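Input: a single structure, listed below in structure tokens.
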Amino acid sequence: MSLMNFRFWANSFTLICKMHTQKYNTELQTTSDGSHTLYRSDIDEHYHSTHGAITEAVHVYVRAGMLQVTNSPIRIFEVGFGTGLNALVSLHEAQNSNLLIEYTSIEFNVLSSEKYLALNYGSILNLDEAWATIHHANWNEKVKLNDFFTLYKIEADWLSFETDEKFDVVYYDAFAPEKQEEMWSEKLFQKIYNMLNTHGMLVTYSAKGIIKQALRAAGFKIKRLPGPPGKRHMIQAIKI
Ligand SMILES: C[S@@+](CC[C@H](N)C(=O)[O-])C[C@H]1O[C@@H](n2cnc3c(N)ncnc32)[C@H](O)[C@@H]1O
């Protein structure tokens, strides 16, 4: 093999190694507000509320989380980037309310382009371009998407992830505790507590007793807020 041929194959091999492979298969479904969600049949679990994916994302993460913070920039950390819907609704609100956002999100099952391109969030919110920039942004690199929004998508396992960075709000969007018990432990909530600035908060869609107990044990003060459609309550946990 000539040197040129060898370089061509070596470069192609590096490119292939950098591509993300979706570990678990997902199926597209439509929720009650017309926005899509993904369903994982191996664990019988949806990525969002079937009562409205966009409605839930705005209610739990934007209104009860991001919009409660007065710092600028607002530093957000998300557990479970998934489809990128929470990032999109946060970017939308940042533009509408003139807020500076530094958004970090962790995910270990990066979706294939075929999956995220089929989702209708960009067209429903009239944000097709923003949707594309969120997904085209490189993983493991801080990328300034526009004057308001910087995105840092980290491909890693949250269970073993460590950082010295500090945040104002954590979007805790793991699969439900019945499906992924290990994601809701006191130890992980202590890790979040240490990652938050004083008066920072964690918000999550679930209001299960065992979650409140683990959050309290980690040092948080719990507020139970009205939940999105289909849920009586959600949790806002504040670092005191
Ligand atoms: C309920 S879905 C999140 C939906 C997402 N926030 C969205 O807007 O589409 C949970 C996500 O957490 C991810 N996840 C589960 N366990 C994880 C782990 N240990 N580390 C990183 N990501 C994890 C899943 O792959 C999935 O994408």
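Every chain in the structure tokens takes a letter, A first, then B, and so on in the order presented; its residues are numbered from 1, and the ligands are numbered from 1 following the presented order.
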- Excluding region 21-26 of chain A and residues on its chain fewer than 2 positions from it, collect all residues at most 7 Å away from it, counting only C-alpha atoms, and give them as a list of chain:residue names. A:Met19, A:Leu28, A:Leu38, A:Tyr39, A:Arg40, A:Asn109, A:Val110, A:Leu111, A:Ser112
- Can you tell me which residues sit at most 6 Å away from ligand 1, counting only C-alpha atoms and all ligand atoms, written as a list in words? Tyr47, His48, Gly80, Phe81, Gly82, Thr83, Gly84, Leu85, Asn86, Ile106, Glu107, Phe108, Asn109, Ala156, Asp157, Trp158, Leu159, Asp173, Ala174 and Phe175 of chain A
- List every residue of region 5-238 of chain A that DSSP, applied to the backbone, labels as strand (DSSP E or B), and write the result as a ChimeraX atom specification. /A:27-30,36-40,45-46,74-79,101-107,139,142-144,149-155,167-172,196-204,220-226,233-238
Output C-alpha atoms for every residue in the selection just made, as a CSV table (one decimal), in the first residue's frame.
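Listed below is the output, selection.csv:
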```csv
chain,number,residue,atom,x,y,z
A,27,GLU,CA,-39.5,4.8,18.2
A,28,LEU,CA,-41.2,8.1,17.3
A,29,GLN,CA,-44.6,8.9,18.9
A,30,THR,CA,-46.9,11.9,19.1
A,36,HIS,CA,-43.2,14.2,19.3
A,37,THR,CA,-41.5,12.1,21.8
A,38,LEU,CA,-39.3,9.0,21.6
A,39,TYR,CA,-40.2,5.6,23.1
A,40,ARG,CA,-37.7,3.0,24.3
A,45,GLU,CA,-40.3,4.3,28.8
A,46,HIS,CA,-40.9,7.6,26.9
A,74,ILE,CA,-27.5,31.7,33.7
A,75,ARG,CA,-25.5,28.5,33.9
A,76,ILE,CA,-27.6,25.4,33.2
A,77,PHE,CA,-26.6,21.8,33.6
A,78,GLU,CA,-28.9,19.1,32.1
A,79,VAL,CA,-28.8,15.4,33.0
A,101,ILE,CA,-27.4,31.2,28.8
A,102,GLU,CA,-24.5,28.8,29.2
A,103,TYR,CA,-26.0,25.4,28.7
A,104,THR,CA,-24.1,22.2,29.5
A,105,SER,CA,-25.7,18.8,28.9
A,106,ILE,CA,-24.6,15.2,29.4
A,107,GLU,CA,-25.8,12.2,27.4
A,139,TRP,CA,-19.9,17.1,21.1
A,142,LYS,CA,-18.2,24.6,24.0
A,143,VAL,CA,-20.0,26.2,21.0
A,144,LYS,CA,-21.5,29.7,20.9
A,149,PHE,CA,-26.7,30.9,23.9
A,150,THR,CA,-23.6,28.8,24.4
A,151,LEU,CA,-23.9,25.0,24.2
A,152,TYR,CA,-21.6,22.3,25.6
A,153,LYS,CA,-22.8,18.8,24.9
A,154,ILE,CA,-20.8,16.2,26.8
A,155,GLU,CA,-20.9,12.6,25.7
A,167,PHE,CA,-24.1,26.0,37.8
A,168,ASP,CA,-27.3,27.9,38.8
A,169,VAL,CA,-29.9,25.4,37.8
A,170,VAL,CA,-29.9,21.7,37.0
A,171,TYR,CA,-32.5,20.1,34.8
A,172,TYR,CA,-32.7,16.6,36.1
A,196,LEU,CA,-24.6,24.3,42.3
A,197,ASN,CA,-24.0,27.9,43.3
A,198,THR,CA,-25.6,28.9,46.6
A,199,HIS,CA,-29.3,29.3,46.1
A,200,GLY,CA,-29.0,27.3,42.9
A,201,MET,CA,-31.7,24.7,42.2
A,202,LEU,CA,-32.5,21.4,40.7
A,203,VAL,CA,-35.8,20.9,38.9
A,204,THR,CA,-37.4,17.7,37.8
A,220,PHE,CA,-31.7,20.4,49.5
A,221,LYS,CA,-34.8,22.3,50.6
A,222,ILE,CA,-37.7,20.8,48.7
A,223,LYS,CA,-40.6,22.7,47.1
A,224,ARG,CA,-43.4,20.8,45.6
A,225,LEU,CA,-44.9,22.8,42.7
A,226,PRO,CA,-47.9,22.1,40.5
A,233,HIS,CA,-46.7,17.8,41.2
A,234,MET,CA,-43.1,18.4,40.2
A,235,ILE,CA,-40.0,19.2,42.4
A,236,GLN,CA,-37.9,22.3,42.8
A,237,ALA,CA,-35.0,21.5,45.1
A,238,ILE,CA,-33.0,24.5,46.4
```
- Message: Please determine, counting only C-alpha atoms, which residue among A:His92, A:Asp42, A:Ala176, A:Thr55 has the shortest atom-to-atom distance to Ala130 (chain A).
- Response: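 Using only C-alpha atoms, the shortest distance to Ala130 (chain A) belongs to A:His92.
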- Task: Grab the CA of Asn98 (chain A) to CA of Ala132 (chain A) distance for me, in Å with one decimal place.
- Result: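 Computed distance, CA of Asn98 (chain A) to CA of Ala132 (chain A), equals 21.0 Å.
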